[in-house]
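Read the structure below first, then the notes.
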Amino acid sequence: MDRAQLPLNALRAFEAAARHLNFTRAALELCVSQGAVSHQVAQLERRLGVTLFRRLPRGLALTDEGQALVPVLADAFDRVGATLDRYAGGRLQEALTVGVVGAFAAGWLLPRLEAFNRENPHIDLRIMTNNNRVDLAGEGLDLAIRYGDGAWHGTHAEPIMSAPLTPLCAPALATRLHNPASLIGETLLRSYRADEWTRWFEAAGAPCPPLRGPVFDNSVLTAHAAASGLGVALAPAVMFTRDLAAERLVRPFEAEVALGGYWLTRLHSRPDSPAMATFRAWMRRAADEPSTAI
């Protein structure tokens with residue numbers, strides 16, 4: 001049927017009556033008379049040449065033809081309603097889904113989200129955390145913030161900030177750490193990247209002891225375990241400024257090793273939407289601001 005010929009009022013009346021199975025309740029929802037709803041439905045039935053309802057002594061029952069039409073109309077009206085709901089303050093609300101590695105989400109992004117939302121009320125930002133293993137297309141992500149060297153196949157990567165790794169531990173444990181060699185005999189908490197401690201000891205100029213500590217799949221858990229006194233974490237200090245400022249964690253040594261940084265990524269095949277461009281520009285500005293313990 002030609003769009004210009006779609007009987008929209010009749011379709012609205014039918015859809016409301018189908019949900020309520022009652023013309024009177026449908027009329028109350030649509031703010032019209034019961035007779036108007038009945039007339040619109042009858043008009044639609046004549047136009048389609050089918051019966052959509054069986055009229056019963058106490059209400060209505062959908063025919064097979066009516067049952068087939070209901071889900072199509074419900075989905076169409078829901079989608080129109082959801083789109084109209086995205087307009088606020090005279091501007092379209094644009095959804096933006098960003099995948100974020102857990103340490104960056106908790107240590108850097110979360111404290112700044114209020115500022116982003118205040119500056120960009122037209123963007124419906126949706127944050128999905130991960131442990132750095134992410135499928136942009138499969139997970140329906142517009143952007144992803146990841147840790148690494150920026151070399152991901154089919155992906156455009158924009159550097160956000162460097163994130164060198166350094167030992168972090170509870171204050172009580174730090175009292176017995178005088179130099180990197182003091183770590184021998186301590187529990188060294190590990191990530192799934194097996195060479196991190198080896199590379200740090202090389203940078204610190206000390207031999208790496210046998211590694212037998214627990215393995216965690218993200219830096220947030222590793223740092224939490226360290227703050228609880230379970231061992232020494234090797235993590236990006238820039239993501240734990242609040243814990244360091246509150247002395248839940250301390251940094252016993254200045255030595256650090258740069259094995260990667262944080263990158264804002266998107267698929268090469270993904271067109272850049274206005275919301276994506278706005279978020280990228282905000283990220284660049286926010287990352288350039290002096291780091292403080294928020």
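Labels used: A, B, ... for chains in the order of the structure tokens, numbers from 1 for residues in each chain, and numbers from 1 for ligands as shown.
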
Region 249-260 of chain A environment, 10 Å, only C-alpha atoms, sequence neighbours closer than 2 positions dropped, as an NGL selection string: :A and (146-150 or 161-180 or 195-197 or 199-205 or 223-224 or 226-229 or 232-237 or 240-247 or 262-263)

Expected answer as an NGL selection string: alpha helix (DSSP H) residues in region 33-263 of chain A: :A and (34-48 or 64-85 or 102-104 or 113-119 or 171-174 or 196-204 or 219-227 or 241-245)

Using only C-alpha atoms: which of A:Ser33, A:Gln67, A:Asn22, A:Thr187 has the shortest distance to Arg55 (chain A):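 Of all the options, A:Asn22 lies closest to Arg55 (chain A).
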
Closest of A:Ala74, A:Ala26, A:Met1, A:Leu267 to His153 (chain A) - atom-to-atom distances counting only C-alpha atoms: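 So, comparing all the options, the nearest one is A:Leu267.
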
With the cut-off set at 8 Å and counting only C-alpha atoms, tabulate each residue of region 171-290 of chain A with an atom at most that distance from an atom of region 133-142 of chain A, showing the nearest atom pair and its distance in Å to one decimal, ordered by chain and increasing number, as a Markdown table.
| residue | atom | partner | partner_atom | distance |
| --- | --- | --- | --- | --- |
| A:Arg266 | CA | A:Asp142 | CA | 6.5 |
| A:Leu267 | CA | A:Leu136 | CA | 7.1 |
| A:Arg270 | CA | A:Asp142 | CA | 7.7 |
| A:Met276 | CA | A:Asp142 | CA | 7.2 |

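For Phe77 (chain A), the set of protein, DNA and RNA residues having any atom at most 12 Å away, when counting only C-alpha atoms and skipping those fewer than 3 positions along the same chain, is Leu8, Leu11, Arg12, Glu15, Ala16, Val70, Pro71, Val72, Leu73, Ala74, Val80, Gly81, Ala82, Thr83 and Leu84 of chain A.
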
Filtering to C-alpha atoms, could you give me those residues as a PDB file, in the first residue's frame?
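again_36.pdb, written as the output of this step:
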ATOM      1  CA  LEU A   8      -2.876   5.812  10.284  1.00  0.00           C
ATOM      2  CA  LEU A  11      -4.322   1.538  12.487  1.00  0.00           C
ATOM      3  CA  ARG A  12      -3.794   3.332  15.831  1.00  0.00           C
ATOM      4  CA  GLU A  15      -3.662  -1.471  17.727  1.00  0.00           C
ATOM      5  CA  ALA A  16      -5.029   0.079  20.930  1.00  0.00           C
ATOM      6  CA  VAL A  70      -0.836  -6.737  15.763  1.00  0.00           C
ATOM      7  CA  PRO A  71       2.934  -7.450  16.124  1.00  0.00           C
ATOM      8  CA  VAL A  72       3.761  -5.499  12.964  1.00  0.00           C
ATOM      9  CA  LEU A  73       1.910  -2.417  14.172  1.00  0.00           C
ATOM     10  CA  ALA A  74       3.193  -2.717  17.751  1.00  0.00           C
ATOM     11  CA  VAL A  80       8.485   5.578  16.113  1.00  0.00           C
ATOM     12  CA  GLY A  81       7.881   6.329  19.799  1.00  0.00           C
ATOM     13  CA  ALA A  82      11.455   5.458  20.760  1.00  0.00           C
ATOM     14  CA  THR A  83      12.816   7.738  18.033  1.00  0.00           C
ATOM     15  CA  LEU A  84      10.582  10.631  19.089  1.00  0.00           C
TER      16      LEU A  84
END

Minimum-distance residue to Leu264 (chain A), chosen among A:Val101, A:Ala115, A:Ile184, A:Val238 (using only C-alpha atoms): A:Val101
